[in-house]
Every structure is written in structure tokens, then in C-alpha cells.
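Enquirer: Take a look at this one; I'll ask things after.
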Amino acid sequence: MANLLGNSLILVDGFSYLYRAYYACPRLTTSSGFPTGAIYGMLNMLRSLLFQYQPAHIAVVFDVKGKTFRNEIFTEYKSHRPLMPEDLRIQVEPLHNIIRAMGLPILAIPGVEADDVIGTLALESEKLGRTVLISTSDKDMAQLVTQKIHLLNTVNNTILGPSEVIKKYGVPPILIIDLLALMGDASDNIPGVPGIGHKTAIALLQKLGGIQAIYKNLERISPLAFHRSQNIIKKLEKYKAIAFLSYKLAMIKTDVPLDITSNQLIQEDPNIDNLLLLFKTFELNKWISDLENQKLWHRNKRVNLRTEKAIIKKDSVIRSEICSPRVANAYFTILDQVTFSSWLYKLQHSKCFALNLETNSIDTLTASIIGFSFSAIPGEAAYLPILHDYENAPSQLACLDVLLALKPLLENAQIVKIGKNLKFDRGVLQRYNIDLKGMCFDTKLESYALNSINNGHDIYTLAQRWLGYDLTLFPDIAREGKNQMTFNKVSIQAATYYAAIRADIILQLHYKMWKELQKEQGPKNIFEQIEMPLVPVLSRIEQNGVFIDQRLLSKYSQEIGDRLVKLELKAHRIAGESFNLASPKQLKNILFYKNSLKSLKKTAHGNLSTSEEVLSKLAIEHPLPQVILEYRSLSKIKSAYTDKLLRMIHPETQRVHTSYHQAVTVTGRLSSSNPNLQNIPARSNEGRRIRQAFTADHGHCIIAADYSQIELRIMAHFSQDIGLLSAFAKEQDIHCATASEMFGIAFSEISKEQRQRAKTINFGLMYGMSPFGLARQLHISVKEAKLYVDRYFDRYPGVFQYMQDTRQQALKNGYVSTLYGRRLYLPNIQDKNIMRRKAAERAAINAPMQGTAADIIKRTMIHIDQWLLQQKHPSFKIIMQVHDELVFEARTDAVKEASIKICSIMESSGNLDVPLRVDIGVGKNWDQAH
């Protein structure tokens, strides 16, 4: 329960406690006959709650006698409920008085229910970054549950978060209202849809979503309810108005106007005299004894907090044994020089610390730092705000003074920095003339090195996976959508909790994952020797950017726009009517109903497919599909590149700065976004036109350096096949060598078509392609393709043996490895489904080649960067990495020397038994160089 202490809020459903105490406790009375059982029971429950959770904020919320706004909507609402028993009713007012005397805030708002007050306070507190516990037995409250708001059942001491709600009720919190709207709630007299029970309601919600979605998709109910589907549809249609009325009744109101905020819900010191008088009046002798002998309501609380601090201090030493994040009394806001100096000294004398930046943008070239958070000891962290500028924001330390003080610390390579995305942090700090050094650990990359196939290496996923902790999401403290605030507008109190806990979690995640990495030499090497050294390299490449010829790109974008208009008119002429070419539904009607073309495939939802694969086959018998294919291709080029690139030219640098991602692909290859450089067509005319717009600055040229047939060379190394090793050693054209072996002809007689066939065979079999797949690629019979496969393996037996050995290794270990130790896990390698198992086997064969190629080009980038850093005035810089290619911008007068150096480093970056070869191209733009 440690993560529920500290900056938390507990909201007690007063009547839930009261009724439970009334029916569970013995019928106690005073000597005069006044009932006290409910008072006694509820006080015991409250004391237990306070001692166990010790919240920073608390309130006990009661209903007010009388009607609420729900009675105006539905006069029968709760009308069937019996009146409160008289011997319970007369205990309510004394109980209120005792709770107030205890120093606990008590709320009762006319016109609404306690649920509505609780919902309003819970959401407000969540936005401030607090953990909220709602202590209740009311299932309606489950609709309020989020990652930060949980339900507490003190009967069995269980806490319900989102996953527990799903397990208990069958639907997530967001669908609890819909569940009650369908099945009704007898306790509140919410009618629901007659005839729709719990199981049917859950089935409908799980398959279709909320009631809005259900009523929009009534025709899809048939496969859900089988023989009863028509009956259910009729009931839903007949009682639609009641369903939506029930939804209104079940929805908790979360915007109740209140004269108090969650910040003010703090337990005050008890009024001892009043408490003593009340306890004596109602003859609560045990409570009188506790109050007189122990000063129960204030002294014990402080003792417990001191104990908690001692536990934190003890736990923080045992770094490698952390099991869950601790957040009690250990998060600080740095607002004054004394506190800042104390933390600065602590960090300067730490061997390592976690660093986290909060900014107002995700663009490293324009982002401003709003604050820093640090953690050097698990369970303890601080937030240093420097640029919060909302109304009434507290005074903060001067930004410039803070940066000047932090600069030596952040540039000290001897003090290890731990982060969750250090490439971003470094990029932002560069704007402030701070060169972040000591970047040794990044939780995202630690996770990626351990297992690249895991979904999610972000801090939210990792906190849940490794620590069982749900982090607050940014929209939870800064609103969502168009009303979302930037971080500088978030209150410092909420920002402290949000940012400090991230620094703490980063540190704890590192200790957990580093312990695992140290057990596995291969993944550890990948992390230490490739992934972490690459971080500053990629940061520099991103900052370099690439110059874009705006005039050329704008002209080409206009040309594509004109061609799209003509293609649209052409499609309308062929179809004989106007229609939206981008609409699959309208296209489906034209192709399959009007022109009676045969449908070849269906989508996952059962609709006729108009995919590229389908249209390519239909184009053989009708002209319209070919026009649609061309239209789609050009439209994608225009939206994804010619138009988008123009918008992405940075106003400060006049260049495009892509973002590289290390922890996305399974094989270790880099990916990029904004723009995605990997998907620019390489050989089409459209792709070449786009590449022509990637140009060099004045007085410079573009150098494109591309590894030649790197994966085939890696195959030769892994397989140790004599034929492949010999061909590469002799610098033979490997596809011609394969054609010569396959077709039994001399090199000089090999045709272009035969070389292309050999190339398809080389790459196809390297990717684990079957004879059937090869037949489809070469447009030949499966029998002929099998002859090619057999002949290939006869000529290259080492390749066949490598494939057999690799399958066995994958089956035994569940993974394969690259030359440098990167593990590529194959969860489906033993799958009972033959299709999934075969796909995993094909991946097992190819992944070591792709992964090793990725490792080599990453090593190359590190080596080139290291060489460049040693030069006083380097003549070239890396501006892009795409597939097996590196792109440079070099001074025109130094192109020859730059090309020689680049080629030398690239060809010496692998440890293969065959030579690596690099094709070098030079030009004014990327297309010319490529």
C-alpha cells in the first residue's frame, strides 16, 4: 500500500459505511436506551481506514434528505426504497458531530447524491496528480475508476483498478454506465431494458461497445445472441427511450458546483474537548479511554509517519531489491535557493541519477524546458520548475541561474545519467548550450535490448510491466483534445507529482532491467556497445537535418495535383458516373455490382475488399482498377511527401529534421518519422522526383554510401558456404554467379532476365521462401520453382545446412541471434497453428541477417561520428540513414577525400569472413547521388 500514501485523497461514501455498520454491529444502546451501534461501527471503520492509508486529503460524503435532479428526470427513481430505520436515522446527526470533532471534512450537498460529489472531487483531484481511493460498496462508482482513481472495499480490503473492474463486472469502467442502462439496477430503481439480463448486456457491450454503438449496429446482434437475436433487437428497439433514460440516471455527475476544493480536504487536529463530551454523552467508553490515554487522533498519526519515513530510508539503500515504487513523503518541489543547493550537492556527489525533462513541445529544436526532475535514491525525487507561468503561479528560481548551475553537472561525463528518452533530452539541452554527457542508461533501450519483440518500451508500459505501477498520463493533469494545456500551464503541485514520480520510476526501472541485462552477455553488449553509443550520434544527425528545395517540391506537388484531377475524370468516364475515388464503399458498388467483377477477397469485417492486391488482379480484365491504383499511389505521394515535406521545413533552420527511433523494429533497424524516410519509393519515377528535392546547401554536395548486397554477404558468413564465400572473395556479381550455377551457363552469356531470376532466388530463399512463394514471384509453376530450389541448395549446401541449424536453434532457445549478440525472439516458433509456425521459421532464417545488417550500419554510424568529433573542421556530416544507406553533406572541395574516408570506415565496420563493399554516389541532390 506504500504507493497510496503521501499525496493521496480518500473519499468515503458515508451512507455505505453507515448502513454496513448498522447491520453488521450489535444493537448497542446507552443506559437511557439511545442506539449507538452504527456510531460505534462506523467510527471503528474510519479509524482503521485512517491508520492503514494515512491520506494527505480525506472527506466523508453523505446524501442529503430530499429529492435530487434525478427525481425530476424519473419520478420513480429510488421510490421503492424503504425509509431509513428510525433507530438508525437518529444516529446520523450525532455521528456527523463526532466526525467533525475528529477533524475530518464532512460534505452533504442538497439536490445531488453523495456519488456526484465524490465523482466531482475525484476527477478534480486526479487532474492534480493525486491517487484517489473511493471507499464504498456501491457498484455504480466503478464508472469513475481510472489509472489514478480506485475503489476500496474495506470489508475484504481489496482495491479495484481498471483491470479488477473488468474482471468483476465483465466490462471496463467506461462501460459501467452502459451496463446499468441495459440491465438496470434494482437497488436504485433504474429500469434498464426489460428482458436484457447481465450476460446479454455484457455480450452486447463486449462485441459492439456502448449503447450508442449498439443502437447504431442492431443488425450485427444476430451472431451475438444466436436464436434469440430477433427477440433482443425488438426489445432494444421498443425500449430505446428507457435505455437512454437509464443511462442518464446511472451516470454520476462530475461537475457539481462546490464551495470547497480537494486541496482543502485536509484532516485538522481534533477538538479533544468536544470529542470527550460526545463520547461521554453516547457512552462510548472504549473511545474515551483511547482518547484520554493515547491522544489517538493526532499522536499516533505522527508516529506512523515517522515509521514510514524510516522504512523509506531503509528501502532506498536496497536498490536492486525494489519491488514497487514508493511515493510517501519523498517528493519535493525546489522553489528556493537553499533547497536547490542541497539537491545540486546531492547530485554532484552521486555516482548516478535519473534525469527527466518537462517541456512545452516535443520538437527538440523549439521546445522550452519547463522543469527538471531528478532522483538519485529510489523512492525520493524532486521537481525543479523554472517556467510555469499560469495565473498565481508561485515564484520560481531564475531560469538562467538554474541552467548555469546545472551545466557543469549535466556536462560531467563521470556522473552517470539515466533517462527514458535521452536523445530527446540531449536535443533540447543543446538549445541551451548544454552538451549532455554521461548518458549511460536509457530505460527504453534497456528494455529493447532485453527483448525487442515486447510491445511498448515507453515508461508507462515499463512501469506496469516491471513495477506493477500505473503512471499518470499527461492528459490526466492537462486535459485532452483542443483544451489540453502545455506543461507550463499545469499547476506546480500537479507537475511535481507528475514529473518527480517519473524520475523515481526511471531510476527503479533501470535497477530492475540492468540486473537482467547483466545476466545475458549478448543483449548487454548490444546495449552497451551499440544502442547507447548511438544515442548522441542520432541526436546530431537529427539536428543536422537535410536541405529541401521548396520551389522544386512545390512544383512537383502541383503536377501531381493536376494528374490526380485527370485520373479522377478518367475514372468517372470509365465508370459512366461520378463517384469518390477515395471511398471503398462507392468503389465497391461500381466494381462488383454495376460492372459485375468477381470479388476476390473480403475484409476482416466481411465486406468486399478493394485492396491493392485485389485491384491489381482485377486490372487484368477491366481498366478502372488500374486507374484507381495509380490514383491511390499518387495521392499517397502527395499527402505523405510533396505536401507534408513542405509543411515540415523548420522555420529556424529551413531544413527538414526527421526523428529516428531505435526501439521500434524487431530486427534492430532504425525507423524514422516526420518524415518517414524509409518509405520514400526508391526506384519509381515519383520517388526519384521526391529525392531530387533533398539537396545540399550552397557549396556542398550530397554523398550517398550504400552497402552492396550486405545481407547476402552476411548469409555467406553465417552459412560458410564455399560457393558464396568464393563468389564474394572474387568480387563476382553474386546474382550472376547464382545464375551461372543455377542455369549452367557462362558469365558472359547470362541475360538480364536470368540475372533477375537469380536475384529473386537469392533473396527469396534467404527470406525462407517456399517453392510456392517462389513460383508466385517468378510467375512459373510450383514444380519448376521446386526444381530451382533443389538446384540452388545442391549448388549452395552450406545455405541449406544453415537454415536447418537455425530452425533447430530457434526451436530450442525460442530466439536467434545476430553476429553481435542481439536476440530476436520468436514466440510462435512452437505454435500449433502451422501458418504461424512456418512464418516464425522464415523469420528465424532471415532475422539474423537483417539484425546483423542493422548492427553493422549502427556501428558504422558510431565510428564515423567518433572520427568526425576528432576533426577540428570536419568537411562532411551525416544527414540521413535509410535502410542500408548513409547520406552525407560534404563540402564540394572535399568530396573525394570524404568519399574515401566514408568508404574506408563503412567497409571496416563488420567482422565478416567476406569483404563488405560500399557503393558511393555524389550529386547535387539525393537522386543524383543515389
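Identifiers in this document derive from the order of the C-alpha cells: chains are assigned A, B, ..., residues are numbered from 1 separately in each chain, and ligands are numbered from 1 in order of occurrence.
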Residues near Ser16 (chain A), anyone? I mean within 10 Å using only C-alpha atoms, not counting same-chain ones fewer than 3 positions away, as a list in words.

Expert: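 Listing them by chain and then by number gives Val12, Asp13, Tyr19, Arg20, Ala21, Met42, Val61, Phe62, Ser135, Thr136, Ser137 and Asp138 of chain A.
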
Enquirer: Write out as a PyMOL selection string each polymer residue whose atoms come within 9 Å of Asp884 (chain A), counting only C-alpha atoms; drop sequence neighbours fewer than 6 positions from it.

Expert: chain A and resi 705-708+710+853-854+857

Enquirer: What lies within 12 Å of region 600-611 of chain A using only C-alpha atoms, ignoring chain neighbours under 3 positions off, as number ranges by chain?

Expert: A: 220, 581-593, 597, 614-619, 624-626, 628-629, 632

Enquirer: Please produce a file of those selected residues containing N, CA and C atoms, as a CSV table (one decimal), in the first residue's frame.

Expert:
```
chain,number,residue,atom,x,y,z
A,220,ARG,N,-26.0,-6.1,-36.3
A,220,ARG,CA,-24.9,-7.0,-36.0
A,220,ARG,C,-25.1,-7.9,-34.8
A,581,LEU,N,-13.3,8.6,-55.5
A,581,LEU,CA,-12.3,7.5,-55.7
A,581,LEU,C,-11.7,7.1,-54.4
A,582,ALA,N,-11.8,7.9,-53.4
A,582,ALA,CA,-11.2,7.5,-52.1
A,582,ALA,C,-12.2,6.7,-51.2
A,583,SER,N,-13.4,6.5,-51.7
A,583,SER,CA,-14.4,5.8,-50.9
A,583,SER,C,-14.4,4.3,-51.3
A,584,PRO,N,-14.0,3.4,-50.5
A,584,PRO,CA,-14.0,2.0,-50.8
A,584,PRO,C,-15.5,1.5,-51.0
A,585,LYS,N,-16.4,2.1,-50.3
A,585,LYS,CA,-17.8,1.7,-50.4
A,585,LYS,C,-18.4,2.0,-51.8
A,586,GLN,N,-18.1,3.3,-52.3
A,586,GLN,CA,-18.6,3.7,-53.6
A,586,GLN,C,-17.9,2.9,-54.7
A,587,LEU,N,-16.6,2.6,-54.5
A,587,LEU,CA,-15.8,1.9,-55.5
A,587,LEU,C,-16.3,0.4,-55.6
A,588,LYS,N,-16.6,-0.1,-54.4
A,588,LYS,CA,-17.2,-1.5,-54.4
A,588,LYS,C,-18.5,-1.6,-55.2
A,589,ASN,N,-19.3,-0.6,-55.1
A,589,ASN,CA,-20.6,-0.6,-55.8
A,589,ASN,C,-20.3,-0.6,-57.3
A,590,ILE,N,-19.3,0.3,-57.7
A,590,ILE,CA,-19.0,0.4,-59.1
A,590,ILE,C,-18.5,-0.9,-59.7
A,591,LEU,N,-17.5,-1.5,-59.0
A,591,LEU,CA,-16.8,-2.7,-59.5
A,591,LEU,C,-17.6,-3.9,-59.4
A,592,PHE,N,-18.2,-4.2,-58.3
A,592,PHE,CA,-18.8,-5.5,-58.0
A,592,PHE,C,-20.3,-5.6,-58.3
A,593,TYR,N,-21.0,-4.5,-58.3
A,593,TYR,CA,-22.4,-4.5,-58.5
A,593,TYR,C,-22.7,-4.0,-59.9
A,597,LEU,N,-17.8,-7.4,-61.6
A,597,LEU,CA,-16.5,-8.0,-61.5
A,597,LEU,C,-16.5,-9.0,-60.3
A,614,VAL,N,-6.2,-6.9,-54.5
A,614,VAL,CA,-7.4,-7.2,-55.3
A,614,VAL,C,-7.5,-6.4,-56.6
A,615,LEU,N,-7.2,-5.1,-56.5
A,615,LEU,CA,-7.3,-4.2,-57.7
A,615,LEU,C,-6.2,-4.6,-58.7
A,616,SER,N,-5.1,-5.1,-58.3
A,616,SER,CA,-4.0,-5.5,-59.3
A,616,SER,C,-4.5,-6.7,-60.1
A,617,LYS,N,-5.2,-7.6,-59.5
A,617,LYS,CA,-5.7,-8.7,-60.2
A,617,LYS,C,-6.9,-8.4,-61.1
A,618,LEU,N,-7.7,-7.5,-60.6
A,618,LEU,CA,-8.9,-7.1,-61.4
A,618,LEU,C,-8.5,-6.2,-62.6
A,619,ALA,N,-7.3,-5.5,-62.5
A,619,ALA,CA,-6.9,-4.7,-63.6
A,619,ALA,C,-6.6,-5.4,-64.9
A,624,LEU,N,-10.7,0.2,-65.1
A,624,LEU,CA,-10.9,1.1,-63.9
A,624,LEU,C,-9.9,0.8,-62.7
A,625,PRO,N,-9.8,-0.5,-62.3
A,625,PRO,CA,-8.9,-0.8,-61.2
A,625,PRO,C,-7.5,-0.2,-61.4
A,626,GLN,N,-6.9,-0.2,-62.6
A,626,GLN,CA,-5.6,0.3,-62.8
A,626,GLN,C,-5.6,1.8,-62.6
A,628,ILE,N,-7.5,3.4,-60.6
A,628,ILE,CA,-7.7,3.6,-59.1
A,628,ILE,C,-6.3,3.4,-58.4
A,629,LEU,N,-5.6,2.4,-58.9
A,629,LEU,CA,-4.3,2.1,-58.3
A,629,LEU,C,-3.3,3.3,-58.5
A,632,ARG,N,-4.4,6.2,-56.2
A,632,ARG,CA,-4.1,6.0,-54.8
A,632,ARG,C,-2.6,6.2,-54.6
```

Enquirer: Where does region 465-578 of chain A meet region 386-392 of chain A within 12 Å, residue by residue, with the nearest atom pair and distance in Å to one decimal for each, counting only C-alpha atoms, listed by chain and rising number, as JSON lines?

Expert:
```
{"residue": "A:Met485", "atom": "CA", "partner": "A:Tyr390", "partner_atom": "CA", "distance": 10.4}
{"residue": "A:Thr486", "atom": "CA", "partner": "A:His388", "partner_atom": "CA", "distance": 9.8}
{"residue": "A:Phe487", "atom": "CA", "partner": "A:His388", "partner_atom": "CA", "distance": 7.6}
{"residue": "A:Asn488", "atom": "CA", "partner": "A:His388", "partner_atom": "CA", "distance": 4.2}
{"residue": "A:Lys489", "atom": "CA", "partner": "A:Tyr390", "partner_atom": "CA", "distance": 5.0}
{"residue": "A:Val490", "atom": "CA", "partner": "A:His388", "partner_atom": "CA", "distance": 7.3}
{"residue": "A:Ser491", "atom": "CA", "partner": "A:Tyr390", "partner_atom": "CA", "distance": 7.5}
{"residue": "A:Ile492", "atom": "CA", "partner": "A:His388", "partner_atom": "CA", "distance": 7.2}
{"residue": "A:Gln493", "atom": "CA", "partner": "A:His388", "partner_atom": "CA", "distance": 11.0}
{"residue": "A:Ala494", "atom": "CA", "partner": "A:His388", "partner_atom": "CA", "distance": 11.6}
{"residue": "A:Ala495", "atom": "CA", "partner": "A:His388", "partner_atom": "CA", "distance": 9.4}
{"residue": "A:Thr496", "atom": "CA", "partner": "A:His388", "partner_atom": "CA", "distance": 11.5}
```

Enquirer: Just to be explicit: take each residue in the selection above, keep C-alpha atoms, and write the result as a PDB file, in the first residue's frame.

Expert:
```pdb
ATOM      1  CA  MET A 485      -2.663  22.695 -21.679  1.00  0.00           C
ATOM      2  CA  THR A 486       1.066  22.793 -22.276  1.00  0.00           C
ATOM      3  CA  PHE A 487       3.160  21.829 -19.269  1.00  0.00           C
ATOM      4  CA  ASN A 488       3.915  25.437 -18.301  1.00  0.00           C
ATOM      5  CA  LYS A 489       0.198  25.916 -17.532  1.00  0.00           C
ATOM      6  CA  VAL A 490      -0.020  22.879 -15.243  1.00  0.00           C
ATOM      7  CA  SER A 491      -0.023  23.726 -11.548  1.00  0.00           C
ATOM      8  CA  ILE A 492       3.330  23.198  -9.857  1.00  0.00           C
ATOM      9  CA  GLN A 493       1.718  20.896  -7.314  1.00  0.00           C
ATOM     10  CA  ALA A 494       0.380  18.584 -10.033  1.00  0.00           C
ATOM     11  CA  ALA A 495       3.593  18.959 -12.038  1.00  0.00           C
ATOM     12  CA  THR A 496       5.702  17.917  -9.056  1.00  0.00           C
TER      13      THR A 496
END
```

Enquirer: If we count only C-alpha atoms and set the cut-off at 9 Å, which residues sit around Arg691 (chain A), ignoring sequence neighbours fewer than 6 positions away in its own chain? Please answer as an MDAnalysis selection string.

Expert: chainID A and resid 680 682 925:928 930

Enquirer: Name the residues of region 57-273 of chain A that come out as strand (DSSP E or B) in a backbone DSSP run; write them as a list of chain:residue names.

Expert: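 These are the residues in question: A:His57, A:Ile58, A:Ala59, A:Val60, A:Val61, A:Ile106, A:Leu107, A:Thr131, A:Val132, A:Leu133, A:Ile134, A:Ser135, A:Ile149, A:His150, A:Leu151, A:Leu152, A:Asn153, A:Thr158, A:Ile159, A:Leu160, A:Asp185, A:Ile190.
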
Enquirer: Excluding same-chain residues fewer than 5 positions from Leu46 (chain A), what lies within 10 Å of it counting only C-alpha atoms, as a list in words?

Expert: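 Near neighbours after the sequence-gap exclusion: Val12, Tyr17, Gly41, Phe51, Gln52, Val60, Ile99, Leu104 and Thr154 of chain A.
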
Enquirer: Go ahead and dump the residues you just picked, C-alpha atoms, as a PDB file, in the first residue's frame.

Expert:
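Below is the file selection23.pdb, written as the result:
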```pdb
ATOM      1  CA  VAL A  12     -15.666   7.889   1.998  1.00  0.00           C
ATOM      2  CA  TYR A  17     -20.344   2.909   5.780  1.00  0.00           C
ATOM      3  CA  GLY A  41     -19.202   0.577  14.000  1.00  0.00           C
ATOM      4  CA  PHE A  51      -4.392   4.120  10.222  1.00  0.00           C
ATOM      5  CA  GLN A  52      -3.924   1.898   7.195  1.00  0.00           C
ATOM      6  CA  VAL A  60     -16.683  11.783   4.334  1.00  0.00           C
ATOM      7  CA  ILE A  99     -16.723  13.109  12.614  1.00  0.00           C
ATOM      8  CA  LEU A 104     -12.436  15.096   9.253  1.00  0.00           C
ATOM      9  CA  THR A 154     -12.796  -2.283   3.389  1.00  0.00           C
TER      10      THR A 154
END
```

Enquirer: Could you write out, as an NGL selection string, all the residues of region 508-709 of chain A that DSSP marks as helix (DSSP H, G or I)?

Expert: :A and (508-517 or 521-544 or 550-575 or 584-594 or 612-618 or 623-647 or 677-679 or 685-692)

Enquirer: Per residue of region 190-288 of chain A within 10 Å of region 140-145 of chain A, record the nearest atom pair and its distance in Å to one decimal, counting only C-alpha atoms, with rows in chain order and ascending residue number, as CSV.

Expert:
```
residue,atom,partner,partner_atom,distance
A:Ala250,CA,A:Asp140,CA,7.1
A:Met251,CA,A:Gln143,CA,8.1
A:Ile252,CA,A:Met141,CA,7.9
A:Thr254,CA,A:Leu144,CA,9.3
```

Enquirer: Pick the closest to Leu569 (chain A) from A:Met84, A:Leu787, A:Glu237, A:Val627: which is it, counting only C-alpha atoms?

Expert: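 Nearest candidate to Leu569 (chain A) out of A:Met84, A:Leu787, A:Glu237, A:Val627: A:Val627.
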
Enquirer: If we count only C-alpha atoms, what is near Pro35 (chain A) at a cut-off of 10 Å, once residues fewer than 2 positions away on the same chain are taken out, given as a PyMOL selection string?

Expert: chain A and resi 27-33+37-40+86-91+282

Enquirer: May I have the selected residues written with C-alpha atoms, as an mmCIF file, in the first residue's frame?

Expert:
```
data_model
loop_
_atom_site.group_PDB
_atom_site.id
_atom_site.type_symbol
_atom_site.label_atom_id
_atom_site.label_comp_id
_atom_site.auth_asym_id
_atom_site.auth_seq_id
_atom_site.Cartn_x
_atom_site.Cartn_y
_atom_site.Cartn_z
ATOM 1 C CA ARG A 27 -27.527 -3.274 18.702
ATOM 2 C CA LEU A 28 -25.712 -1.201 21.305
ATOM 3 C CA THR A 29 -27.527 1.435 23.371
ATOM 4 C CA THR A 30 -26.779 3.916 26.111
ATOM 5 C CA SER A 31 -28.127 3.407 29.621
ATOM 6 C CA SER A 32 -31.085 5.571 28.587
ATOM 7 C CA GLY A 33 -31.820 3.376 25.540
ATOM 8 C CA GLY A 37 -24.329 0.537 17.271
ATOM 9 C CA ALA A 38 -23.998 2.361 13.928
ATOM 10 C CA ILE A 39 -21.934 5.161 15.521
ATOM 11 C CA TYR A 40 -19.608 2.670 17.161
ATOM 12 C CA GLU A 86 -35.771 5.158 12.957
ATOM 13 C CA ASP A 87 -33.094 3.760 15.283
ATOM 14 C CA LEU A 88 -30.520 4.424 12.535
ATOM 15 C CA ARG A 89 -31.874 7.823 11.493
ATOM 16 C CA ILE A 90 -31.424 9.315 14.965
ATOM 17 C CA GLN A 91 -27.732 8.257 14.987
ATOM 18 C CA PHE A 282 -23.151 8.371 23.969
#
```

Enquirer: Nearest to Gly821 (chain A) among A:Met45, A:Leu445, A:Leu365, A:Leu450, with distances taken over only C-alpha atoms: which residue is it?

Expert: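 Among the listed residues, the smallest separation from Gly821 (chain A) belongs to A:Leu450.
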
Enquirer: Closest to Lys235 (chain A) among A:Asp697, A:Asp476, A:Gly197, A:Thr146, using only C-alpha atoms?

Expert: A:Gly197

Enquirer: With only C-alpha atoms as the basis for distance, which of A:Phe547, A:Phe15, A:Tyr802, A:Tyr77 is at the shortest distance from Met648 (chain A)?

Expert: A:Phe547

Enquirer: How many Å lie between CA of Leu819 (chain A) and CA of Gly798 (chain A), rounded to one decimal?

Expert: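 Between CA of Leu819 (chain A) and CA of Gly798 (chain A) the gap is 17.4 Å.
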
Enquirer: What's the separation between CA of Gly111 (chain A) and CA of Lys67 (chain A), in Å to one decimal place?

Expert: 6.4 Å
